[in-house]
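Okay, so here's the structure we're looking at.
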Amino acid sequence: MLRKNRLFTPGPTPLLPAAQFAEASFTAHHRTADFRNLFTRVLADMKEFIGTQNDVLVLACSGTGVMEAAVSNLTSPGDKILVLTAGKFGERWTALVEAYGCQVDTLSKPYGETFSLDEVRSRLTPDVRAVYVQATETSTGARHDVKGIAKLVRATGNDTLLVVDAITGLGTTHLDVDGWGVDIIIGGSQKALMIPPGLAYCAVSERAWQRMETTKSPRYYFDLRKERKSAAKGESAYTPATSLFAALGAALDYIRQLGAGNLGAGREDLVNNAELAAEMTRAGGLALGLKLFAPSSPAAAVTALEAPAGVDSGAIVKEFRESFNAVVANGQGEMKGKLFRMAHIGYYDYLDTIGALAALEHVLAHVTGKSVAFGSAVRAAQEVFARQTEAAGASR
Ligand SMILES: *Cc1c(COP(=O)(O)O)cnc(C)c1O
C-alpha cells in the first residue's frame with residue numbers, strides 16, 4: 001500500500017504548504033525596503049499571535065538560543081534563580097542558569113508530574129531574581145500552571161521576573177501573557193507555526209527590559225537590547241533567516257484566515273484544535289488499555305503514552321515508521337523505551353488524528369502479539385469528536 005511520510009513529533013511538525021511555497025520563492029535582500037516591510041509586518045503579527053503588547057523579537061536560532069538569551073540578558077553571576085523542572089526541558093533551564101554562574105534553586109518533580117502552587121510559593125523568597133519554567137514539558141506531555149505560577153510571582157511584590165519556555169505551549173495552550181505578567185515568553189518556528197526549524201522568538205516585558213540595564217552576564221549575538229533597537233528600524237542586528245521570515249508571514253496569514261480575518265481568533269482556533277486532537281488521542285490510548293504518562297495535567301501539545309508492560313516503546317516507534325511511514329517520538333533520556341509521544345502542535349487535523357489512532361491499533365497488535373479490538377481507539381476518539389463538535393455547535 002502507498003504510504004505518505006507523516007510527522008507526529010512535537011517539533012519539527014508538519015509544514016504548511018503555503019509557507020513552503022513562500023519560503024522557496026523568496027529572494028529579497030535583507031537591507032531593502034521590501035524586506036523591512038515584511039519584517040515589520042511579521043513582528044506586528046507575532047504580537048497578535050502571542051497575544052501581547054510587549055516587544056516581540058524573532059531570531060535566527062533554535063528555541064534553545066532564545067532560552068539562553070533569556071538567561072544571559074536577565075541575570076548576573078551569583079543571582080539567585082528559581083527553576084521549576086519536571087522533565088528534560090526543565091533540566092535545560094537548570095543547565096543554562098548554571099552555565100551563567102547563577103545560584104540555582106531547583107524545585108523538581110518526578111517526570112510526568114507538575115508542581116503544586118504551595119510548593120512554588122514556599123520557594124519564592126524575596127531574593128529570587130527570576131523564575132524559569134516551561135508552559136508544557138514536551139518530554140513528559142505535562143502542562144504546568146503558568147497562570148497560577150504567574151499570580152504567585154506577581155503577588156510577591158518584588159521585581160522577580162517570570163520566564164516561560166512556551167515553545168510547545170504557544171498555539172496549544174491559552175496564555176494571557178500580559179494579563180498574567182509573564183516577562184519573557186519564548187516560542188520556536190518548528191512547533192505551532194508550521195514552518196521549518198531555524199527561528200525562535202520571544203516577547204519581552206518592560207520589567208525585563210529594565211532588568212537588562214543592570215545585568216552583567218556576558219552576551220553578544222543574543223543581546224536583546226541591540227535586537228530591539230534594530231527591530232524598531234525594521235531590521236535585525238545580523239543577517240536574518242530571510243526565507244524563513246517569508247514562511248512565517250505566510251503561516252501567520254493562514255492563522256488569520258482560521259480566525260476569519262482576526263489573528264487572535266485564529267490563535268484561539270489553533271489552540272482549540274490542539275486541545276481536541278489531544279483529547280481524542282488520550283481517549284483512544286486509554287481505550288486500548290494504555291496509560292497516560294502525565295495523567296494529572298496533560299498538555300494539548302503532545303500526548304505521552306506508556307508502552308505496555310514488557311514492550312520497549314522503541315518497538316512502537318519503529319513499527320509506526322516501518323508500517324505506516326509515520327514518525328512518533330520515543331521518550332527522552334531515562335524515559336527512552338518507556339513511553340512514546342504523539343504530537344498535536346500546529347498543522348494537524350481530524351483526519352490526521354483519527355488516522356494515527358487507527359495506525360496505533362495495528363502497531364500495538366504487532367508489537368504485543370496480542371489481539372486488539374480494531375476500532376476501539378478510533379471509536380473512543382469519534383465519541384470525543386462528536387461530543388465536542390456538538391457542544392461547540394450548540395454554543396455558536
Ligand atoms: C522543542 C523545545 C525546545 C527547543 O528546542 P530546540 O531544539 O532548541 O528548538 C525547548 N523547550 C521545549 C519545551 C521544546 O518543546
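Residues in the C-alpha cells are numbered from 1 in each chain, the chains being A, B, ... in the order shown, and ligands are numbered from 1 in the order shown.
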Write out as a tab-separated table the residues of chain A that have any atom within 10 Å of an atom of ligand 1, one row each with the nearest atom pair and its distance in Å to one decimal, counting only C-alpha atoms and all ligand atoms, sorted by chain and then rising number.
residue	atom	partner	partner_atom_place_in_ligand_line	distance
A:Thr9	CA	ligand 1	1 (C)	9.9
A:Pro10	CA	ligand 1	15 (O)	6.6
A:Gly11	CA	ligand 1	1 (C)	5.8
A:Pro12	CA	ligand 1	1 (C)	7.9
A:Cys61	CA	ligand 1	8 (O)	7.7
A:Ser62	CA	ligand 1	9 (O)	4.0
A:Gly63	CA	ligand 1	9 (O)	3.6
A:Thr64	CA	ligand 1	8 (O)	3.6
A:Gly65	CA	ligand 1	8 (O)	6.4
A:Val66	CA	ligand 1	8 (O)	8.3
A:Met67	CA	ligand 1	10 (C)	7.5
A:Glu68	CA	ligand 1	8 (O)	9.7
A:Gly87	CA	ligand 1	13 (C)	9.1
A:Lys88	CA	ligand 1	13 (C)	8.3
A:Phe89	CA	ligand 1	11 (N)	5.3
A:Gly90	CA	ligand 1	13 (C)	7.8
A:Arg92	CA	ligand 1	11 (N)	8.1
A:Trp93	CA	ligand 1	11 (N)	9.1
A:Val133	CA	ligand 1	13 (C)	9.2
A:Gln134	CA	ligand 1	13 (C)	6.0
A:Ala135	CA	ligand 1	13 (C)	7.4
A:Thr136	CA	ligand 1	13 (C)	6.0
A:Glu137	CA	ligand 1	13 (C)	5.1
A:Thr138	CA	ligand 1	15 (O)	4.7
A:Ser139	CA	ligand 1	15 (O)	7.3
A:Thr140	CA	ligand 1	13 (C)	9.8
A:Gly141	CA	ligand 1	13 (C)	9.6
A:Val164	CA	ligand 1	13 (C)	9.5
A:Asp165	CA	ligand 1	11 (N)	5.9
A:Ala166	CA	ligand 1	13 (C)	6.4
A:Ile167	CA	ligand 1	12 (C)	5.0
A:Thr168	CA	ligand 1	15 (O)	4.9
A:Gly169	CA	ligand 1	13 (C)	7.6
A:Ile186	CA	ligand 1	11 (N)	8.6
A:Gly187	CA	ligand 1	10 (C)	8.1
A:Gly188	CA	ligand 1	9 (O)	6.2
A:Ser189	CA	ligand 1	9 (O)	8.1
A:Gln190	CA	ligand 1	9 (O)	7.3
A:Lys191	CA	ligand 1	1 (C)	7.1
A:Pro197	CA	ligand 1	9 (O)	6.9
A:Gly198	CA	ligand 1	9 (O)	7.8
A:Leu199	CA	ligand 1	9 (O)	8.4
A:Ala200	CA	ligand 1	9 (O)	7.5
A:Ala301	CA	ligand 1	15 (O)	8.8
A:Val302	CA	ligand 1	15 (O)	9.3
**OP:** Find the residues around range 43-57 of chain A up to 10 Å (only C-alpha atoms counted), leave out those fewer than 3 positions away in its own chain, and share them as a PyMOL selection string.
**Re:** chain A and resi 38-40+66+170-171+174-179+182-187+193+200-206+209+224+227-228+231-232+234+236+245+248-249+252-253+255-256+262-268
**OP:** Could you please determine the separation between CA of Val384 in chain A and CA of Val327 in chain A in Å, to one decimal place?
**Re:**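 So the answer is 24.1 Å.
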**OP:** Give the answer as one residue: which of A:His29, A:Gly78, A:Phe320, A:Phe293 has the shortest atom-to-atom distance to Ser217 in chain A, using only C-alpha atoms?
**Re:** A:Gly78
Original post:
Just asking: which residues within range 148-329 of chain A are strand (DSSP E or B) according to DSSP, as number ranges by chain?
Top reply: A: 161-165, 184-188, 199-204, 292, 298, 302-306, 326-327, 329
For range 13-81 of chain A against range 339-351 of chain A, with a cut-off of 7 Å and counting only C-alpha atoms, what is the closest atom pair and its distance in Å to one decimal for every residue that makes the cut, ordered by chain and number, as a Markdown table?
| residue | atom | partner | partner_atom | distance |
| --- | --- | --- | --- | --- |
| A:Thr13 | CA | A:Ile345 | CA | 7.0 |
| A:Pro14 | CA | A:Tyr347 | CA | 5.9 |
| A:Leu15 | CA | A:Tyr347 | CA | 7.0 |
| A:Leu16 | CA | A:Tyr347 | CA | 6.7 |
